[in-house]
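A.B. asks: data_0.pdb is the file, holding PDB, C-alpha atoms:
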```pdb
ATOM      1  CA  MET A  12      21.099 -12.828  -8.297  1.00  0.00           C
ATOM      2  CA  PHE A  13      21.150  -9.899  -5.848  1.00  0.00           C
ATOM      3  CA  ALA A  14      24.957 -10.025  -5.684  1.00  0.00           C
ATOM      4  CA  ASP A  15      25.156 -10.145  -9.511  1.00  0.00           C
ATOM      5  CA  ILE A  16      23.091  -6.967  -9.719  1.00  0.00           C
ATOM      6  CA  ILE A  17      25.265  -5.304  -7.072  1.00  0.00           C
ATOM      7  CA  ARG A  18      28.372  -6.097  -9.154  1.00  0.00           C
ATOM      8  CA  SER A  19      26.698  -4.630 -12.230  1.00  0.00           C
ATOM      9  CA  GLU A  20      25.504  -1.521 -10.397  1.00  0.00           C
ATOM     10  CA  VAL A  21      28.909  -0.920  -8.785  1.00  0.00           C
ATOM     11  CA  ALA A  22      30.510  -1.025 -12.225  1.00  0.00           C
ATOM     12  CA  GLN A  23      27.830   1.256 -13.707  1.00  0.00           C
ATOM     13  CA  TYR A  24      28.116   3.904 -10.992  1.00  0.00           C
ATOM     14  CA  GLY A  25      31.907   3.768 -10.692  1.00  0.00           C
ATOM     15  CA  VAL A  26      31.885   2.900  -6.996  1.00  0.00           C
ATOM     16  CA  THR A  27      34.440   0.517  -5.549  1.00  0.00           C
ATOM     17  CA  PHE A  28      33.430  -2.324  -3.270  1.00  0.00           C
ATOM     18  CA  LYS A  29      35.579  -0.739  -0.567  1.00  0.00           C
ATOM     19  CA  GLN A  30      33.645   2.531  -0.882  1.00  0.00           C
ATOM     20  CA  LEU A  31      30.360   0.625  -0.833  1.00  0.00           C
ATOM     21  CA  ALA A  32      31.427  -1.312   2.269  1.00  0.00           C
ATOM     22  CA  GLU A  33      32.363   1.918   4.036  1.00  0.00           C
ATOM     23  CA  ALA A  34      29.060   3.528   3.030  1.00  0.00           C
ATOM     24  CA  VAL A  35      27.053   0.721   4.657  1.00  0.00           C
ATOM     25  CA  ASN A  36      29.389   0.357   7.664  1.00  0.00           C
ATOM     26  CA  VAL A  37      30.798  -3.103   7.009  1.00  0.00           C
ATOM     27  CA  ALA A  38      34.373  -4.225   6.591  1.00  0.00           C
ATOM     28  CA  PRO A  39      35.543  -4.657   2.985  1.00  0.00           C
ATOM     29  CA  CYS A  40      36.293  -8.343   3.626  1.00  0.00           C
ATOM     30  CA  THR A  41      32.734  -8.812   4.936  1.00  0.00           C
ATOM     31  CA  MET A  42      31.339  -7.096   1.843  1.00  0.00           C
ATOM     32  CA  SER A  43      33.441  -9.438  -0.272  1.00  0.00           C
ATOM     33  CA  GLN A  44      31.911 -12.423   1.539  1.00  0.00           C
ATOM     34  CA  TYR A  45      28.389 -11.040   0.959  1.00  0.00           C
ATOM     35  CA  ILE A  46      29.033 -10.468  -2.744  1.00  0.00           C
ATOM     36  CA  GLY A  47      30.796 -13.816  -3.128  1.00  0.00           C
ATOM     37  CA  GLY A  48      27.916 -15.664  -1.503  1.00  0.00           C
ATOM     38  CA  SER A  49      29.929 -17.242   1.297  1.00  0.00           C
ATOM     39  CA  ARG A  50      27.976 -15.219   3.852  1.00  0.00           C
ATOM     40  CA  ASN A  51      24.308 -14.199   3.945  1.00  0.00           C
ATOM     41  CA  MET A  52      23.744 -10.486   3.573  1.00  0.00           C
ATOM     42  CA  PRO A  53      21.515  -8.972   6.280  1.00  0.00           C
ATOM     43  CA  GLY A  54      18.495  -6.971   5.165  1.00  0.00           C
ATOM     44  CA  SER A  55      19.913  -3.803   6.708  1.00  0.00           C
ATOM     45  CA  VAL A  56      23.015  -4.105   4.514  1.00  0.00           C
ATOM     46  CA  GLU A  57      20.875  -4.772   1.425  1.00  0.00           C
ATOM     47  CA  ALA A  58      18.818  -1.669   2.200  1.00  0.00           C
ATOM     48  CA  GLY A  59      21.967   0.385   2.768  1.00  0.00           C
ATOM     49  CA  ILE A  60      23.412  -0.687  -0.577  1.00  0.00           C
ATOM     50  CA  ILE A  61      20.169   0.162  -2.372  1.00  0.00           C
ATOM     51  CA  GLU A  62      20.119   3.605  -0.755  1.00  0.00           C
ATOM     52  CA  ARG A  63      23.815   4.264  -1.428  1.00  0.00           C
ATOM     53  CA  LEU A  64      23.569   3.272  -5.077  1.00  0.00           C
ATOM     54  CA  GLN A  65      20.044   4.710  -5.498  1.00  0.00           C
ATOM     55  CA  SER A  66      19.301   1.566  -7.456  1.00  0.00           C
ATOM     56  CA  PRO A  67      15.681   0.875  -8.401  1.00  0.00           C
ATOM     57  CA  ARG A  68      16.816  -2.353 -10.064  1.00  0.00           C
ATOM     58  CA  LEU A  69      18.287  -3.646  -6.796  1.00  0.00           C
ATOM     59  CA  SER A  70      15.177  -2.494  -4.960  1.00  0.00           C
ATOM     60  CA  GLU A  71      12.954  -4.403  -7.381  1.00  0.00           C
ATOM     61  CA  GLU A  72      15.039  -7.550  -7.027  1.00  0.00           C
ATOM     62  CA  ARG A  73      15.019  -7.313  -3.237  1.00  0.00           C
ATOM     63  CA  CYS A  74      11.264  -6.725  -3.076  1.00  0.00           C
ATOM     64  CA  SER A  75      10.541  -9.580  -5.470  1.00  0.00           C
ATOM     65  CA  ASN A  76      12.162 -11.939  -2.964  1.00  0.00           C
ATOM     66  CA  CYS A  77      10.620 -10.517   0.214  1.00  0.00           C
ATOM     67  CA  GLN A  78       8.728 -13.088   2.212  1.00  0.00           C
ATOM     68  CA  GLY A  79       5.071 -12.126   2.376  1.00  0.00           C
ATOM     69  CA  ASN A  80       5.203  -9.927  -0.744  1.00  0.00           C
ATOM     70  CA  MET A  81       1.974 -10.799  -2.528  1.00  0.00           C
ATOM     71  CA  PHE A  82       2.914  -8.756  -5.605  1.00  0.00           C
ATOM     72  CA  PRO A  83       6.451  -9.757  -6.491  1.00  0.00           C
ATOM     73  CA  THR A  84       7.562  -8.667  -9.923  1.00  0.00           C
ATOM     74  CA  ARG A  85      10.829  -9.150 -11.725  1.00  0.00           C
ATOM     75  CA  TYR A  86      13.063  -6.846 -13.675  1.00  0.00           C
ATOM     76  CA  LEU A  87      13.074  -7.902 -17.321  1.00  0.00           C
ATOM     77  CA  ASP A  88      16.787  -8.349 -17.891  1.00  0.00           C
ATOM     78  CA  ASN A  89      16.397 -10.489 -21.011  1.00  0.00           C
ATOM     79  CA  ILE A  90      15.054  -7.754 -23.279  1.00  0.00           C
ATOM     80  CA  ASP A  91      17.050  -5.194 -25.233  1.00  0.00           C
ATOM     81  CA  ASP A  92      18.477  -2.693 -22.762  1.00  0.00           C
ATOM     82  CA  HIS A  93      17.119   0.514 -24.330  1.00  0.00           C
ATOM     83  CA  PRO A  94      14.111   2.165 -22.615  1.00  0.00           C
ATOM     84  CA  VAL A  95      12.262   2.329 -25.945  1.00  0.00           C
ATOM     85  CA  VAL A  96      12.079  -1.474 -25.955  1.00  0.00           C
ATOM     86  CA  ALA A  97      10.604  -1.502 -22.437  1.00  0.00           C
ATOM     87  CA  LEU A  98       8.204   1.262 -23.459  1.00  0.00           C
ATOM     88  CA  SER A  99       7.097  -0.771 -26.490  1.00  0.00           C
ATOM     89  CA  LYS A 100       6.544  -3.835 -24.276  1.00  0.00           C
ATOM     90  CA  THR A 101       4.501  -1.638 -21.908  1.00  0.00           C
ATOM     91  CA  GLN A 102       2.412  -0.442 -24.838  1.00  0.00           C
ATOM     92  CA  GLU A 103       1.819  -4.037 -26.004  1.00  0.00           C
ATOM     93  CA  GLU A 104       0.755  -5.177 -22.537  1.00  0.00           C
ATOM     94  CA  THR A 105      -1.492  -2.130 -22.121  1.00  0.00           C
ATOM     95  CA  GLN A 106      -3.258  -2.995 -25.368  1.00  0.00           C
ATOM     96  CA  GLU A 107      -3.733  -6.606 -24.253  1.00  0.00           C
ATOM     97  CA  VAL A 108      -5.350  -5.393 -21.000  1.00  0.00           C
ATOM     98  CA  LEU A 109      -7.541  -2.942 -22.921  1.00  0.00           C
ATOM     99  CA  ASP A 110      -8.652  -5.717 -25.288  1.00  0.00           C
ATOM    100  CA  LEU A 111      -9.866  -7.825 -22.342  1.00  0.00           C
ATOM    101  CA  MET A 112     -11.460  -5.061 -20.274  1.00  0.00           C
ATOM    102  CA  SER A 113     -14.901  -4.899 -21.880  1.00  0.00           C
ATOM    103  CA  ASP A 114     -15.477  -8.635 -21.598  1.00  0.00           C
ATOM    104  CA  ALA A 115     -14.152  -8.733 -18.022  1.00  0.00           C
ATOM    105  CA  ARG A 116     -16.395  -5.820 -17.092  1.00  0.00           C
ATOM    106  CA  LYS A 117     -19.416  -7.692 -18.450  1.00  0.00           C
ATOM    107  CA  VAL A 118     -18.515 -10.707 -16.310  1.00  0.00           C
ATOM    108  CA  LEU A 119     -18.057  -8.631 -13.149  1.00  0.00           C
ATOM    109  CA  ILE A 120     -20.754  -5.968 -13.497  1.00  0.00           C
ATOM    110  CA  ASN A 121     -23.567  -7.643 -11.558  1.00  0.00           C
ATOM    111  CA  LYS A 122     -21.617 -10.157  -9.507  1.00  0.00           C
ATOM    112  CA  LYS A 123     -21.900  -9.864  -5.753  1.00  0.00           C
ATOM    113  CA  LYS A 124     -18.997 -10.377  -3.390  1.00  0.00           C
ATOM    114  CA  GLY A 125     -18.191 -14.099  -3.115  1.00  0.00           C
ATOM    115  CA  ALA A 126     -19.952 -14.987  -6.369  1.00  0.00           C
ATOM    116  CA  THR A 127     -18.773 -17.984  -8.364  1.00  0.00           C
ATOM    117  CA  PHE A 128     -17.861 -17.921 -12.028  1.00  0.00           C
ATOM    118  CA  THR A 129     -18.420 -20.296 -14.904  1.00  0.00           C
ATOM    119  CA  ASP A 130     -15.364 -21.980 -16.388  1.00  0.00           C
ATOM    120  CA  ALA A 131     -15.422 -19.537 -19.328  1.00  0.00           C
ATOM    121  CA  GLU A 132     -15.734 -16.519 -17.017  1.00  0.00           C
ATOM    122  CA  ASP A 133     -12.943 -17.846 -14.819  1.00  0.00           C
ATOM    123  CA  ALA A 134     -10.670 -18.298 -17.850  1.00  0.00           C
ATOM    124  CA  LEU A 135     -11.370 -14.726 -18.985  1.00  0.00           C
ATOM    125  CA  LEU A 136     -10.668 -13.320 -15.521  1.00  0.00           C
ATOM    126  CA  LYS A 137      -7.417 -15.288 -15.285  1.00  0.00           C
ATOM    127  CA  SER A 138      -6.393 -13.834 -18.657  1.00  0.00           C
ATOM    128  CA  ILE A 139      -6.942 -10.238 -17.594  1.00  0.00           C
ATOM    129  CA  GLU A 140      -5.314 -10.866 -14.203  1.00  0.00           C
ATOM    130  CA  ASP A 141      -2.253 -12.297 -15.966  1.00  0.00           C
ATOM    131  CA  GLU A 142      -2.119  -9.382 -18.395  1.00  0.00           C
ATOM    132  CA  CYS A 143      -2.422  -6.852 -15.551  1.00  0.00           C
ATOM    133  CA  ALA A 144       0.497  -8.551 -13.782  1.00  0.00           C
ATOM    134  CA  ASP A 145       2.503  -8.432 -17.032  1.00  0.00           C
ATOM    135  CA  LEU A 146       1.682  -4.724 -17.351  1.00  0.00           C
ATOM    136  CA  ILE A 147       2.961  -4.017 -13.836  1.00  0.00           C
ATOM    137  CA  THR A 148       6.228  -5.821 -14.594  1.00  0.00           C
ATOM    138  CA  VAL A 149       6.926  -4.066 -17.899  1.00  0.00           C
ATOM    139  CA  ALA A 150       5.951  -0.659 -16.497  1.00  0.00           C
ATOM    140  CA  LYS A 151       8.367  -1.080 -13.591  1.00  0.00           C
ATOM    141  CA  THR A 152      11.073  -2.250 -16.000  1.00  0.00           C
ATOM    142  CA  PHE A 153      10.502   0.878 -18.101  1.00  0.00           C
ATOM    143  CA  LEU A 154      10.938   3.125 -15.045  1.00  0.00           C
ATOM    144  CA  ILE A 155      14.130   1.296 -14.092  1.00  0.00           C
ATOM    145  CA  LYS A 156      15.506   1.578 -17.639  1.00  0.00           C
ATOM    146  CA  MET A 157      14.764   5.327 -17.598  1.00  0.00           C
ATOM    147  CA  HIS A 158      16.737   5.598 -14.370  1.00  0.00           C
ATOM    148  CA  GLU A 159      19.639   3.549 -15.729  1.00  0.00           C
ATOM    149  CA  TRP A 160      19.860   5.341 -19.073  1.00  0.00           C
ATOM    150  CA  TYR A 161      18.877   8.901 -18.252  1.00  0.00           C
ATOM    151  CA  ASN A 162      19.206   9.106 -14.462  1.00  0.00           C
ATOM    152  CA  ARG A 163      15.466   9.734 -14.140  1.00  0.00           C
ATOM    153  CA  PRO A 164      14.541   9.750 -10.415  1.00  0.00           C
ATOM    154  CA  VAL A 165      12.350   6.675  -9.916  1.00  0.00           C
ATOM    155  CA  ALA A 166      11.967   7.318  -6.182  1.00  0.00           C
ATOM    156  CA  GLU A 167      10.727  10.850  -6.884  1.00  0.00           C
ATOM    157  CA  THR A 168       8.349   9.491  -9.545  1.00  0.00           C
ATOM    158  CA  MET A 169       6.853   7.084  -7.012  1.00  0.00           C
ATOM    159  CA  ARG A 170       6.554   9.832  -4.369  1.00  0.00           C
ATOM    160  CA  ARG A 171       4.656  12.005  -6.883  1.00  0.00           C
ATOM    161  CA  HIS A 172       2.462   9.020  -7.721  1.00  0.00           C
ATOM    162  CA  ILE A 173       1.550   8.435  -4.074  1.00  0.00           C
ATOM    163  CA  GLU A 174       0.883  12.144  -3.504  1.00  0.00           C
ATOM    164  CA  LYS A 175      -1.416  12.189  -6.540  1.00  0.00           C
ATOM    165  CA  LEU A 176      -3.337   9.155  -5.281  1.00  0.00           C
ATOM    166  CA  GLU A 177      -3.737  10.758  -1.870  1.00  0.00           C
ATOM    167  CA  GLN A 178      -4.853  14.094  -3.358  1.00  0.00           C
ATOM    168  CA  GLN A 179      -7.417  12.344  -5.543  1.00  0.00           C
ATOM    169  CA  GLY A 180      -8.760  10.507  -2.509  1.00  0.00           C
ATOM    170  CA  TYR A 181      -7.872   7.024  -3.769  1.00  0.00           C
ATOM    171  CA  CYS A 182      -5.901   6.214  -0.624  1.00  0.00           C
ATOM    172  CA  SER A 183      -5.427   7.544   2.881  1.00  0.00           C
ATOM    173  CA  LYS A 184      -2.646   9.966   3.568  1.00  0.00           C
ATOM    174  CA  ARG A 185       0.127   8.459   5.643  1.00  0.00           C
ATOM    175  CA  LYS A 186       1.716  10.497   8.360  1.00  0.00           C
ATOM    176  CA  ALA A 187       5.451  10.811   8.242  1.00  0.00           C
ATOM    177  CA  VAL A 188       7.300   8.855  10.935  1.00  0.00           C
ATOM    178  CA  TRP A 189       8.378  12.076  12.631  1.00  0.00           C
ATOM    179  CA  GLN A 190       4.719  13.219  12.854  1.00  0.00           C
ATOM    180  CA  THR A 191       3.609  10.095  14.703  1.00  0.00           C
ATOM    181  CA  ALA A 192       6.496  10.023  17.187  1.00  0.00           C
ATOM    182  CA  LYS A 193       5.779  11.552  20.579  1.00  0.00           C
TER     183      LYS A 193
END
```
Can the structure from this file be put into structure tokens for me?

C.D. replies:
Amino acid sequence: MFADIIRSEVAQYGVTFKQLAEAVNVAPCTMSQYIGGSRNMPGSVEAGIIERLQSPRLSEERCSNCQGNMFPTRYLDNIDDHPVVALSKTQEETQEVLDLMSDARKVLINKKKGATFTDAEDALLKSIEDECADLITVAKTFLIKMHEWYNRPVAETMRRHIEKLEQQGYCSKRKAVWQTAK
């Protein structure tokens, strides 16, 4: 699947496989083996390709397969390609989450950490958990479609998002690697 997306992205961005191989410091014949599946692609090469192509779709695919990733999502490649379709799916999923929120809040409001739930409460919580996961997937797909169609900078969007969370105090500020090096 990763190699299929690379082929698609190379065609979309008008880069040759030779240029891509040079950009990630591998021989063109080695790149051909990676893309053809006769040789496993190292993570460093995957990362280099993602950076060279600036491909959020490749990044999403890579992260969805990372061992230890507790929140893997998938790019929705079986929906109409236009961003408006992904936006409509995001709106639908948002409404489904909103519809479940009041009932889920009632279930959770006075529960202590480690509490158990009735079968009905558990079913409701599973529903909202599933809908939240769906919402994450369609929202990421929308951002990727915006990048693919209109060259919107997904990486910059995510940097702004993290900065906003840090400014609002929702998460700790991370020091840049160069600030922590001595």

A.B. asks: Using atom CA of A:Val21 and atom CA of A:Glu62 as the two end points, give the distance in Å to one decimal.

C.D. replies: 12.7 Å

A.B. asks: Residues near stretch 143-151 of chain A, anyone? I mean within 10 Å using all atoms listed in the file, not counting same-chain ones fewer than 4 positions away, as a ChimeraX atom specification.

C.D. replies: /A:67-68,71,82-87,96-109,137-139,155-157,165

A.B. asks: Near A:Ser55, within 12 Å and counting all atoms listed in the file, which residues show up once chain neighbours fewer than 3 positions away are dropped, as a list in words?

C.D. replies: Val35, Asn36, Val37, Asn51, Met52, Ala58, Gly59, Ile60, Ile61, Glu62 and Arg73 of chain A

A.B. asks: Nearest to A:Glu167: which of A:Gln179, A:Ser113, A:Gln65, A:Ser19 is it, counting all atoms listed in the file?

C.D. replies: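 Of A:Gln179, A:Ser113, A:Gln65, A:Ser19, the one nearest A:Glu167 is A:Gln65, counting all atoms listed in the file.
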
A.B. asks: To one decimal place, how far is atom CA of A:Val26 from atom CA of A:Arg63 in Å?

C.D. replies: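 One can read the atom CA of A:Val26 to atom CA of A:Arg63 distance as 9.9 Å.
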
A.B. asks: Take atom CA of A:Tyr161 and atom CA of A:Ala22 and report the distance between them in Å, one decimal.

C.D. replies: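 According to the coordinates, atom CA of A:Tyr161 and atom CA of A:Ala22 are separated by 16.4 Å.
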
A.B. asks: Name the residues captured by the PyMOL selection byres ((chain A and resi 135) around 12) when it is applied to the shown file; answer as a count of residues only.

C.D. replies: 25

A.B. asks: Given 3 Å of margin on each side, can you work out the centre and size in Å (one decimal) of an axis-aligned box holding every listed atom of stretch 152-161 of chain A, as JSON?

C.D. replies:
```
{"center_x": 15.2, "center_y": 3.3, "center_z": -16.6, "size_x": 15.4, "size_y": 17.2, "size_z": 11.0}
```

A.B. asks: Nearest to A:Val56: which of A:Glu20, A:Glu33, A:Asp91, A:Glu72 is it, counting all atoms listed in the file?

C.D. replies: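 Of A:Glu20, A:Glu33, A:Asp91, A:Glu72, the one nearest A:Val56, counting all atoms listed in the file, is A:Glu33.
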
A.B. asks: For A:Phe13, which residue among A:Ser66, A:Thr168, A:Thr127, A:Gln30 is the nearest when counting all atoms listed in the file?

C.D. replies: A:Ser66
